[in-house]
Amino acid sequence: MRLKTVHLTFLVSLLLFFSISPAWSQCASCPSGNSESVFVAVPGAFSGGGLNGSFADATTLFGATGGNDFFTGAIFALDPLPTDNLDELCMLIDIDVQTDVDLAANPITFEFRLENICGGFPCPWIDFNTTITSTGPTTVGSTLSAGNNTGFDPTQPYQIVIAFANFSGTPLSGDITINYSQPTFDACAAAPAVSCAPCPAGTISESLFVDEPGFFQGGNLNGSVPNFNTLLGTAGSEGFFIGSTFGTESLPFTNLADLCVLIDIDVQTDVDLAANPITFEFRIENLCGGFPCPWVDFNTVITSAGPTTIGGNLTMGNNTGFNPTQPYQIVIAFANFSGVPLAGDIAIVYDQPELIACVPESNCEITAINAVTQTECNPATNTFSQTLEIEYIDPPAGGALNVNGEFFPITGSPQTVTLNNLSSTGVAGSVTASFTDEVLCTLTDAAAYIAPNPCFDFPLDSDGLCTVLYENDVESTNFNQNNLFGFGGDFGGQNWGITDDPVDGGIVIQLTSTAGNPYFYVGFVQQFFIPGGIASYGALSLSLEAYFNQLGNFEFRLESLDALEGNVTGATGGATPVQSVGGFDTYTFNPLTNPGSLDTTSDYYQIVFVATDGGFGNDDAFEAFVDNMSFTNCEIDDLDITREGALCAEPSLPTDGDEVYNWYDEDGNLVASILGNYYYSPSELGTYYVEVIDPDYPGVVQVFNPRTITELNGCCELDED
């Protein structure tokens with residue numbers, strides 16, 4: 001934003017003289033993009049010398065024919081300046097010169113200055129004296145740092161002076177009239193504070209829930225990374241994007257004016273952002289399962305380091321079709337696709353975003369959610385029904401009671417409702433109750449009930465030891481069938497398909513990218529259904545076999561979904577190093593070891609396999625093959641007690657003495673780790689279980705269900721090896 005000015009004119013007729021657009025571009029841009037006007041008082045006129053009819057008044061400096069050795073002028077007092085930085089102060093005046101004199105041959109000087117008040121002449125000043133060689137309107141002045149400075153001190157009293165004089169020794173050959181406007185004086189000001197507008201009468205401001213961030217990234221990261229409070233772009237990075245998403249309390253508002261989003265950021269860098277600006281992306285967007293989704297954005301060009309607040313009422317943002325009645329999330333991002341690598345590290349430190357809503361004032365309160373009765377798990381569908389009792393006070397007169405997305409007529413507290421077709425997950429179930437006519441009259445109980453254990457009958461593996469939750473040997477599949485989907489970057493050169501196994505001639509997934517392909521990004525997702533989710537399983541193993549033509553790192557993740565071909569609700573896993581080149585290796589991990597944001601109670605998941613130039617570079621052609629995806633659980637159900645006070649855990653798999661037996665108490669504390677011996681004699685009564693890790697069976701953890709010791713009978717703990 002340029003410095004802006006306000007004109008105060010004293011004669012309406014004077015407006016006719018200034019019909020041109022003033023040259024406000026003569027003022028430099030303010031760093032903050034914001035400015036404020038400094039009050040300038042009405043003028044006091046002065047004149048002297050051989051006037052011969054020349055004069056000055058509140059709108060005109062007049063030089064009469066024959067005037068010689070004279071001066072006319074005006075003085076303007078003004079309010080104190082808000083800064084002494086001459087780069088952030090600007091003084092302008094509009095004038096209109098009217099005469100029949102040939103000014104090209106007989107130029108005159110219009111004097112325009114800001115001067116200290118010193119009780120004499122000359123005083124220290126900054127002037128924009130201008131030689132006039134033609135008639136008509138013009139604007140005189142500029143930013144003070146651009147003027148002729150004779151020692152002006154902005155900390156001392158000052159005034160604005162304009163003057164027209166003739167001390168050339170030659171009398172004026174005709175009348176010369178200089179009509180002038182009120183001078184304008186502007187100073188750069190801090191950017192206005194970003195805040196949410198006050199809520200209208202009858203409503204109050206409420207902060208809605210914003211979840212902890214999830215992260216995304218891609219392209220030529222070169223070390224650039226998002227985390228829980230920083231987006232870091234590293235020196236040399238180009239063609240990358242990093243960002244965070246925040247789940248929100250997505251209440252069904254119908255008016256954008258009722259919603260406001262804000263975020264505080266602090267940009268930390270030694271890069272000259274004025275010369276190399278960056279864009280901070282900040283938006284609230286509908287969840288649509290793709291990109292782009294309808295949103296309202298407050299994307300902001302950053303030209304200086306330091307803290308700032310971004311956002312505002314949603315009516316102030318750039319709206320691409322955002323629908324506040326549908327679920328939404330908040331997204332922040334920092335990317336560089338300028339073609340020029342970052343000249344230095346740029347860290348954008350961010351606070352948790354705020355989502356603020358104007359809601360009707362109310363005394364409504366939901367006070368309790370109680371579990372009443374529960375049906376058994378139905379093995380045909382792995383579902384059950386849960387009856388709840390909802391207690392509340394002062395409910396709205398209309399609308400419905402919303403319990404986990406199901407709607408019930410409001411009948412009075414306590415109100416009994418039944419949720420059907422719930423997934424048997426074996427873990428605590430969350431229940432949220434609210435009223436449609438007062439969406440912020442709500443209560444969430446994260447453990448309102450305990451679901452039955454899954455009762456779906458999964459098959460066993462070929463050894464009869466592990467439950468197979470999902471497997472795909474790729475022999476009878478193809479892309480866009482059975483929920484297998486491929487994808488690639490926007491720059492071409494990437495391909496995915498089904499081809500012959502380069503080792504044994506079977507069928508495998510193939511991913512390729514051509515040499516020199518900028519920003520390559522190629523991969524696939526395999527989606528599947530696990531009734532009841534995975535939260536109740538103790539020894540999960542997600543694995544696949546992969547063949548690479550070069551070393552590097554690829555993304556191997558498990559993501560939870562809200563439906564097949566639906567939205568991602570969480571993820572675990574990440575960058576995985578290639579083990580070897582030219583042959584198949586097995587890659588495996590347990591998603592529950594570090595579940596991250598994964599929704600372990602979801603019924604829907606997808607394996608994600610992604611290769612990028614960030615993990616492999618783009619100098620050489622890239623090729624990978626993937627086969628034998630599987631998701632298993634290898635818990636052993638029995639724990640035999642062979643003597644009083646002693647426990648044993650004899651594995652079903654063959655043993656050769658290199659097995660590690662990790663014994664835990666009922667709180668999950670490791671109490672013993674024993675090599676090659678499956679007996680354990682605890683020294684204290686209690687409940688214990690064991691996990692067996694055998695290096696001969698990589699990726700398989702044998703877990704024994706817990707048993708309780710009620711007598712010691714002189715048994716002692718075996719020595720650890």
# chains A, B, ... in the order shown; residues from 1 in each chain; ligands from 1
>>> residues_around(residues="segment 580-593 of chain A", least_positions_apart="2", cutoff="6 Å", atoms="only C-alpha atoms", output="list in words")
Leu540, Ser541, Leu542, Ser543, Leu544, Glu545, Ala546, Tyr547, Phe548, Asn549, Gln550, Val578 and Pro595 of chain A
>>> residues_around(residues="segment 596-607 of chain A", least_positions_apart="5", cutoff="9 Å", atoms="only C-alpha atoms", output="PyMOL selection string")
chain A and resi 214+423-427+429+483+524-536+542+556-564+566+568-573+591+629
>>> residues_around(residues="segment 88-101 of chain A", least_positions_apart="5", cutoff="6 Å", atoms="only C-alpha atoms", output="ChimeraX atom specification")
/A:27,135-144,174,176-181,183-188
>>> atom_distance(atom1="atom CA of Asn567 of chain A", atom2="atom CA of Asn229 of chain A")
24.4 Å
>>> atom_distance(atom1="atom CA of Glu365 of chain A", atom2="atom CA of Ala448 of chain A")
17.5 Å
>>> residues_around(residues="Gln702 of chain A", least_positions_apart="3", cutoff="9 Å", atoms="only C-alpha atoms", output="list in words")
Ala539, Cys634, Glu635, Ile636, Pro651, Ser652, Val690, Glu691, Val692, Ile693 and Asp694 of chain A
>>> write_last_selection(atoms="C-alpha atoms", output="PDB file, in the first residue's frame")
ATOM      1  CA  ALA A 539       1.801 -58.280  17.273  1.00  0.00           C
ATOM      2  CA  CYS A 634       1.204 -63.110  15.118  1.00  0.00           C
ATOM      3  CA  GLU A 635       0.021 -63.421  18.714  1.00  0.00           C
ATOM      4  CA  ILE A 636       0.291 -66.792  20.443  1.00  0.00           C
ATOM      5  CA  PRO A 651       7.288 -70.932  21.030  1.00  0.00           C
ATOM      6  CA  SER A 652       5.430 -72.825  18.359  1.00  0.00           C
ATOM      7  CA  VAL A 690       6.103 -62.318  27.264  1.00  0.00           C
ATOM      8  CA  GLU A 691       7.117 -61.315  23.746  1.00  0.00           C
ATOM      9  CA  VAL A 692       9.489 -63.588  21.834  1.00  0.00           C
ATOM     10  CA  ILE A 693      11.775 -62.172  19.147  1.00  0.00           C
ATOM     11  CA  ASP A 694      13.503 -64.738  16.948  1.00  0.00           C
TER      12      ASP A 694
END
>>> residues_around(residues="Ser207 of chain A", least_positions_apart="3", cutoff="10 Å", atoms="only C-alpha atoms", output="list in words")
Val210, Glu249, Leu259, Cys260, Val261, Glu354, Leu355, Ile356, Ala357, Cys358 and Leu440 of chain A
>>> write_last_selection(atoms="N, CA and C atoms", output="CSV table (one decimal), in the first residue's frame")
chain,number,residue,atom,x,y,z
A,210,VAL,N,-9.3,-27.0,17.8
A,210,VAL,CA,-8.3,-27.2,16.7
A,210,VAL,C,-7.3,-28.3,17.1
A,249,GLU,N,-13.0,-28.7,14.9
A,249,GLU,CA,-14.4,-28.9,15.2
A,249,GLU,C,-15.3,-28.3,14.1
A,259,LEU,N,-17.6,-17.0,11.2
A,259,LEU,CA,-16.3,-17.7,11.4
A,259,LEU,C,-15.1,-16.9,11.2
A,260,CYS,N,-14.1,-17.1,11.9
A,260,CYS,CA,-12.8,-16.3,11.8
A,260,CYS,C,-11.6,-17.3,12.1
A,261,VAL,N,-10.6,-17.2,11.3
A,261,VAL,CA,-9.3,-18.0,11.6
A,261,VAL,C,-8.2,-17.0,11.7
A,354,GLU,N,-6.2,-20.4,15.6
A,354,GLU,CA,-7.4,-20.2,16.3
A,354,GLU,C,-8.6,-20.3,15.3
A,355,LEU,N,-9.6,-21.0,15.7
A,355,LEU,CA,-10.9,-21.0,14.9
A,355,LEU,C,-12.0,-20.5,15.8
A,356,ILE,N,-12.5,-19.3,15.5
A,356,ILE,CA,-13.4,-18.6,16.4
A,356,ILE,C,-14.7,-18.4,15.7
A,357,ALA,N,-15.8,-18.6,16.5
A,357,ALA,CA,-17.2,-18.5,15.9
A,357,ALA,C,-18.1,-17.6,16.7
A,358,CYS,N,-19.0,-17.0,16.1
A,358,CYS,CA,-20.0,-16.2,16.7
A,358,CYS,C,-21.3,-17.1,16.9
A,440,LEU,N,-22.9,-25.4,19.7
A,440,LEU,CA,-21.9,-25.4,20.7
A,440,LEU,C,-22.4,-25.9,22.1
>>> select_by_dssp(residues="segment 92-251 of chain A", states="strand (DSSP E)", output="PyMOL selection string")
chain A and resi 92-99+108-116+125-127+130-132+136-143+148-149+158-166+176-180+184-188+203-208+210-219+225-226+230-233+240-248
>>> write_last_selection(atoms="C-alpha atoms", output="mmCIF file, in the first residue's frame")
data_model
loop_
_atom_site.group_PDB
_atom_site.id
_atom_site.type_symbol
_atom_site.label_atom_id
_atom_site.label_comp_id
_atom_site.auth_asym_id
_atom_site.auth_seq_id
_atom_site.Cartn_x
_atom_site.Cartn_y
_atom_site.Cartn_z
ATOM 1 C CA LEU A 92 2.934 16.544 -1.031
ATOM 2 C CA ILE A 93 1.067 19.530 -2.429
ATOM 3 C CA ASP A 94 -1.024 20.032 -5.569
ATOM 4 C CA ILE A 95 -0.569 23.293 -7.468
ATOM 5 C CA ASP A 96 -2.044 24.728 -10.673
ATOM 6 C CA VAL A 97 0.018 27.446 -12.443
ATOM 7 C CA GLN A 98 -2.017 29.871 -14.597
ATOM 8 C CA THR A 99 -0.377 32.579 -16.761
ATOM 9 C CA ILE A 108 9.801 30.469 -12.099
ATOM 10 C CA THR A 109 10.552 28.522 -8.900
ATOM 11 C CA PHE A 110 7.903 27.155 -6.563
ATOM 12 C CA GLU A 111 9.344 26.706 -3.088
ATOM 13 C CA PHE A 112 8.036 23.841 -0.925
ATOM 14 C CA ARG A 113 9.819 22.851 2.263
ATOM 15 C CA LEU A 114 9.584 21.479 5.793
ATOM 16 C CA GLU A 115 11.724 23.670 8.029
ATOM 17 C CA ASN A 116 12.703 23.906 11.661
ATOM 18 C CA TRP A 125 15.009 22.459 6.180
ATOM 19 C CA ILE A 126 14.191 19.786 3.625
ATOM 20 C CA ASP A 127 12.983 21.339 0.388
ATOM 21 C CA THR A 130 10.702 23.026 -8.216
ATOM 22 C CA THR A 131 11.439 24.930 -11.396
ATOM 23 C CA ILE A 132 8.153 25.564 -13.267
ATOM 24 C CA GLY A 136 -1.163 23.568 -15.569
ATOM 25 C CA PRO A 137 -1.509 21.293 -12.547
ATOM 26 C CA THR A 138 1.263 19.272 -10.948
ATOM 27 C CA THR A 139 2.108 17.585 -7.673
ATOM 28 C CA VAL A 140 5.241 18.607 -5.780
ATOM 29 C CA GLY A 141 6.964 16.714 -2.984
ATOM 30 C CA SER A 142 8.052 13.200 -2.064
ATOM 31 C CA THR A 143 9.379 11.078 0.762
ATOM 32 C CA ASN A 148 17.318 18.562 -0.322
ATOM 33 C CA ASN A 149 18.285 18.383 3.349
ATOM 34 C CA TYR A 158 8.872 22.546 12.451
ATOM 35 C CA GLN A 159 6.426 23.967 9.904
ATOM 36 C CA ILE A 160 5.577 23.624 6.213
ATOM 37 C CA VAL A 161 6.372 26.615 3.988
ATOM 38 C CA ILE A 162 5.404 27.375 0.382
ATOM 39 C CA ALA A 163 6.595 30.476 -1.488
ATOM 40 C CA PHE A 164 6.758 32.202 -4.861
ATOM 41 C CA ALA A 165 9.326 34.966 -5.266
ATOM 42 C CA ASN A 166 10.997 36.995 -7.992
ATOM 43 C CA ILE A 176 1.251 34.533 -12.613
ATOM 44 C CA THR A 177 -1.247 32.749 -10.372
ATOM 45 C CA ILE A 178 -0.322 29.616 -8.401
ATOM 46 C CA ASN A 179 -3.429 27.990 -6.934
ATOM 47 C CA TYR A 180 -2.562 25.455 -4.264
ATOM 48 C CA THR A 184 -0.737 16.561 2.864
ATOM 49 C CA PHE A 185 1.666 14.898 5.242
ATOM 50 C CA ASP A 186 1.736 11.156 5.834
ATOM 51 C CA ALA A 187 3.756 8.792 7.986
ATOM 52 C CA CYS A 188 4.217 5.052 7.778
ATOM 53 C CA THR A 203 -24.212 -13.825 19.966
ATOM 54 C CA ILE A 204 -20.965 -14.535 21.778
ATOM 55 C CA SER A 205 -17.469 -15.429 20.619
ATOM 56 C CA GLU A 206 -16.440 -19.054 21.134
ATOM 57 C CA SER A 207 -13.119 -20.752 20.329
ATOM 58 C CA LEU A 208 -13.691 -24.018 18.469
ATOM 59 C CA VAL A 210 -8.336 -27.216 16.667
ATOM 60 C CA ASP A 211 -6.372 -30.476 16.750
ATOM 61 C CA GLU A 212 -2.609 -30.968 16.828
ATOM 62 C CA PRO A 213 -1.013 -30.740 13.367
ATOM 63 C CA GLY A 214 -0.423 -33.493 10.865
ATOM 64 C CA PHE A 215 2.268 -32.954 8.249
ATOM 65 C CA PHE A 216 2.823 -33.200 4.510
ATOM 66 C CA GLN A 217 5.824 -32.557 2.291
ATOM 67 C CA GLY A 218 7.176 -33.277 -1.157
ATOM 68 C CA GLY A 219 9.490 -32.307 -3.978
ATOM 69 C CA VAL A 225 10.802 -30.263 6.900
ATOM 70 C CA PRO A 226 7.599 -29.454 8.812
ATOM 71 C CA THR A 230 7.993 -24.881 12.521
ATOM 72 C CA LEU A 231 8.027 -24.988 8.740
ATOM 73 C CA LEU A 232 11.732 -25.056 7.819
ATOM 74 C CA GLY A 233 12.929 -24.345 4.293
ATOM 75 C CA PHE A 240 9.442 -28.295 -2.685
ATOM 76 C CA PHE A 241 6.414 -27.912 -0.460
ATOM 77 C CA ILE A 242 5.967 -28.449 3.279
ATOM 78 C CA GLY A 243 2.942 -27.869 5.457
ATOM 79 C CA SER A 244 0.658 -28.871 8.296
ATOM 80 C CA THR A 245 -3.024 -29.725 8.532
ATOM 81 C CA PHE A 246 -5.170 -29.201 11.604
ATOM 82 C CA GLY A 247 -8.386 -31.089 12.197
ATOM 83 C CA THR A 248 -11.134 -28.833 13.498
#
>>> residues_around(residues="segment 167-173 of chain A", least_positions_apart="2", cutoff="12 Å", atoms="only C-alpha atoms", output="PyMOL selection string")
chain A and resi 48-54+62-72+99-103+105-109+164-165+175-177
>>> closest_residue(among="A:Ser513, A:Ser476, A:Asn553, A:Asn85", to="Ile498 of chain A", atoms="only C-alpha atoms")
A:Ser476
>>> residues_around(residues="Thr467 of chain A", least_positions_apart="4", cutoff="9 Å", atoms="only C-alpha atoms", output="list in words")
Phe458, Pro459, Leu460, Asp461, Phe631, Thr632, Asn633, Cys634 and Glu635 of chain A
>>> atom_distance(atom1="atom CA of Pro198 of chain A", atom2="atom CA of Thr309 of chain A")
17.3 Å
